[in-house]
Amino acid sequence: MPELPEVETVMRGLRQRLEGRRIQRAVLHRADLRWPFPEGLVQRITGARIEGFRRRAKYILMRLDGGDSLLLHLGMSGRMVLGPAHPNAPVLHEHMVLETDDGWRVGFVDPRRFGSVDLVSTAAEDGHRLLRDLGPEPLGEAFSAAHLSSRLVGRHTPLKSALLDQKIVAGLGNIYVCEALFRARLSPRRDAHTVAGARAARLVPAIKATLTEAIAAGGSSLRDYVQPSGELGYFQHAWKVYGREGEACERCPGPPVCEGIGRIVQSGRSSFFCGRTQR
Ligand SMILES: [Zn+2]
C-alpha cells in the first residue's frame, strides 16, 4: 500500500508533467473503483486546464480551472502511469486515462480497485467527506508536540494505534510509524497517554524527520519519479526496522545485548522494533 512519502512523490511527478496543461480527453474503462466515478466526470474535466496539485494525507488533489478538484486515492494497489499519448494496446487494470494537450497521457491502474476518484469544489476541498475529519498533516506546523500531547492525554491504547488514528495525525501508515518509533526510541506497545509531554516532544521531530528523509529519497526531478515503465513513485526503500524481523539492529551490538529486530502483531498488523532501546 502506498504510504505518504510515496504519494507525495507521485503527486510531484504529476505536477511536473501535467501542471499548466489542458485535459484534452478523458476516458473511463469502467463505472467504479472503490466507489462509482462521479456522475458526469468525463464532461466536467474534459477541456479543463490543470492549475496545480496538492496532497492531503494520502489523497492527491488535482485542481482544475473550472473550480473543481479531482480527488485521487491510490488505495491498496493503485498506480499512476505516465507516457506519450499514442494508440497502444489497452493497459491491464487501467481504469481511467487523461490525455493532455501536449501529447501525454496518465493512466490510473488499480488491480484491486480500492482506489478512488471523486470531484470536489476546490474552494471546499477540506469539507469533502474523506478529508473533513483528518487531523493535521504530519509535516505541517499544526502537528506539534503540544498538539500530539493534547490528543494523547487520557488515551489508553498502544502508542502505535494512536499514531495510526487519522484524526490525531493524517496520513501515517504502518511502515513509517514503525520507523518513527524506532527513531524516537519509543515502544509501539507503550500506553499512549504516557507519551504526552516530553516523549511527544521527542516523537514529533522523529516523525517529521522520518517522512522528510523518505520523501527526499524519492528524488527531486521527474526523472527520479518516473520508473522506466512510466510508473510514478519510488520503490528503493531502506527501512531500519520495517520488515526486518530477526535481523541485527543497527543501533545495538549483537546478542546477547540486543536480540535484533522483533515483531509483534497489533490490531492485525505487524510492528517491528528494537526491544532494547525502544521503551
Ligand atoms: Zn537494538
# chains A, B, ... in the order shown; residues from 1 in each chain; ligands from 1

$ residues_around --residues "A:Pro36" --least-positions-apart "3" --cutoff "12 Å" --atoms "only C-alpha atoms" --output "list in words"
Leu28, His29, Arg30, Ala31, Asp32, Leu33, Glu39, Gly40, Leu41, His95, Arg113, Phe114, Gly115, Ser116, Val117, Asp118 and Leu119 of chain A

$ write_last_selection --atoms "C-alpha atoms" --output "compact mmCIF listing (two decimals), in the first residue's frame"
# COMPACT_ATOMS: atom_id res chain seq x y z
CA LEU A 28 -13.16 5.73 -18.12
CA HIS A 29 -12.96 1.97 -18.68
CA ARG A 30 -15.45 1.03 -16.01
CA ALA A 31 -18.12 2.62 -13.82
CA ASP A 32 -16.42 2.38 -10.47
CA LEU A 33 -13.35 1.71 -8.35
CA GLU A 39 -21.60 11.48 -12.42
CA GLY A 40 -20.58 13.46 -15.47
CA LEU A 41 -16.88 13.15 -14.63
CA HIS A 95 -9.48 2.29 -15.30
CA ARG A 113 -9.73 -1.37 -7.12
CA PHE A 114 -9.54 0.01 -3.59
CA GLY A 115 -8.54 3.34 -5.08
CA SER A 116 -10.99 6.15 -5.58
CA VAL A 117 -11.67 9.17 -7.78
CA ASP A 118 -14.04 11.99 -6.90
CA LEU A 119 -14.71 15.60 -7.78

$ select_by_dssp --residues "stretch 20-93 of chain A" --states "strand (DSSP E or B)" --output "PyMOL selection string"
chain A and resi 22-28+32+36+49-56+59-64+68-73+79-84

$ write_last_selection --atoms "C-alpha atoms" --output "PDB file, in the first residue's frame"
ATOM      1  CA  ARG A  22      -5.274  21.006 -20.588  1.00  0.00           C
ATOM      2  CA  ILE A  23      -7.105  17.715 -20.349  1.00  0.00           C
ATOM      3  CA  GLN A  24      -7.875  17.062 -23.973  1.00  0.00           C
ATOM      4  CA  ARG A  25      -9.518  13.721 -23.474  1.00  0.00           C
ATOM      5  CA  ALA A  26     -10.657  11.677 -20.502  1.00  0.00           C
ATOM      6  CA  VAL A  27     -11.627   8.014 -20.725  1.00  0.00           C
ATOM      7  CA  LEU A  28     -13.156   5.725 -18.124  1.00  0.00           C
ATOM      8  CA  ASP A  32     -16.417   2.382 -10.466  1.00  0.00           C
ATOM      9  CA  PRO A  36     -18.645   4.809  -8.540  1.00  0.00           C
ATOM     10  CA  ARG A  49      -6.713  23.355 -17.517  1.00  0.00           C
ATOM     11  CA  ILE A  50      -4.740  21.735 -14.685  1.00  0.00           C
ATOM     12  CA  GLU A  51      -3.849  24.606 -12.351  1.00  0.00           C
ATOM     13  CA  GLY A  52      -1.973  22.764  -9.655  1.00  0.00           C
ATOM     14  CA  PHE A  53      -1.688  19.893  -7.234  1.00  0.00           C
ATOM     15  CA  ARG A  54      -1.952  19.386  -3.533  1.00  0.00           C
ATOM     16  CA  ARG A  55      -1.512  16.364  -1.297  1.00  0.00           C
ATOM     17  CA  ARG A  56      -3.643  15.918   1.816  1.00  0.00           C
ATOM     18  CA  TYR A  59      -5.036  11.925  -1.192  1.00  0.00           C
ATOM     19  CA  ILE A  60      -3.924  13.795  -4.297  1.00  0.00           C
ATOM     20  CA  LEU A  61      -5.945  16.830  -5.387  1.00  0.00           C
ATOM     21  CA  MET A  62      -5.642  17.946  -8.999  1.00  0.00           C
ATOM     22  CA  ARG A  63      -7.018  21.474  -9.207  1.00  0.00           C
ATOM     23  CA  LEU A  64      -8.784  22.441 -12.435  1.00  0.00           C
ATOM     24  CA  ASP A  68     -13.274  21.601  -9.439  1.00  0.00           C
ATOM     25  CA  SER A  69     -10.566  19.456  -7.917  1.00  0.00           C
ATOM     26  CA  LEU A  70     -10.120  15.853  -8.907  1.00  0.00           C
ATOM     27  CA  LEU A  71      -9.595  13.859  -5.699  1.00  0.00           C
ATOM     28  CA  LEU A  72      -7.470  10.754  -6.183  1.00  0.00           C
ATOM     29  CA  HIS A  73      -6.601   7.972  -3.764  1.00  0.00           C
ATOM     30  CA  ARG A  79      -0.539   3.403  -9.622  1.00  0.00           C
ATOM     31  CA  MET A  80      -0.234   6.370 -11.932  1.00  0.00           C
ATOM     32  CA  VAL A  81       1.436   5.573 -15.242  1.00  0.00           C
ATOM     33  CA  LEU A  82       2.752   8.335 -17.467  1.00  0.00           C
ATOM     34  CA  GLY A  83       3.527   8.003 -21.121  1.00  0.00           C
ATOM     35  CA  PRO A  84       3.203   9.576 -24.515  1.00  0.00           C
TER      36      PRO A  84
END

$ residues_near_ligand --ligand "ligand 1" --cutoff "8 Å" --atoms "only C-alpha atoms and all ligand atoms" --output "JSON, numbers by chain"
{"A": [248, 249, 250, 251, 252, 253, 254, 257, 258, 259, 260, 261, 273, 274, 275, 276, 277]}

$ atom_distance --atom1 "atom CA of A:Val226" --atom2 "atom CA of A:Pro2"
15.2 Å

$ select_by_dssp --residues "stretch 135-265 of chain A" --states "helix (DSSP H, G or I)" --output "ChimeraX atom specification"
/A:145-152,159-164,174-184,192-195,198-217,222-225

$ closest_residue --among "A:Gln43, A:Thr100, A:Thr9, A:Thr210" --to "A:Arg183" --atoms "only C-alpha atoms"
A:Thr210

$ closest_residue --among "A:Leu139, A:Phe182, A:Asn174, A:Ser121" --to "A:Ile215" --atoms "only C-alpha atoms"
A:Leu139
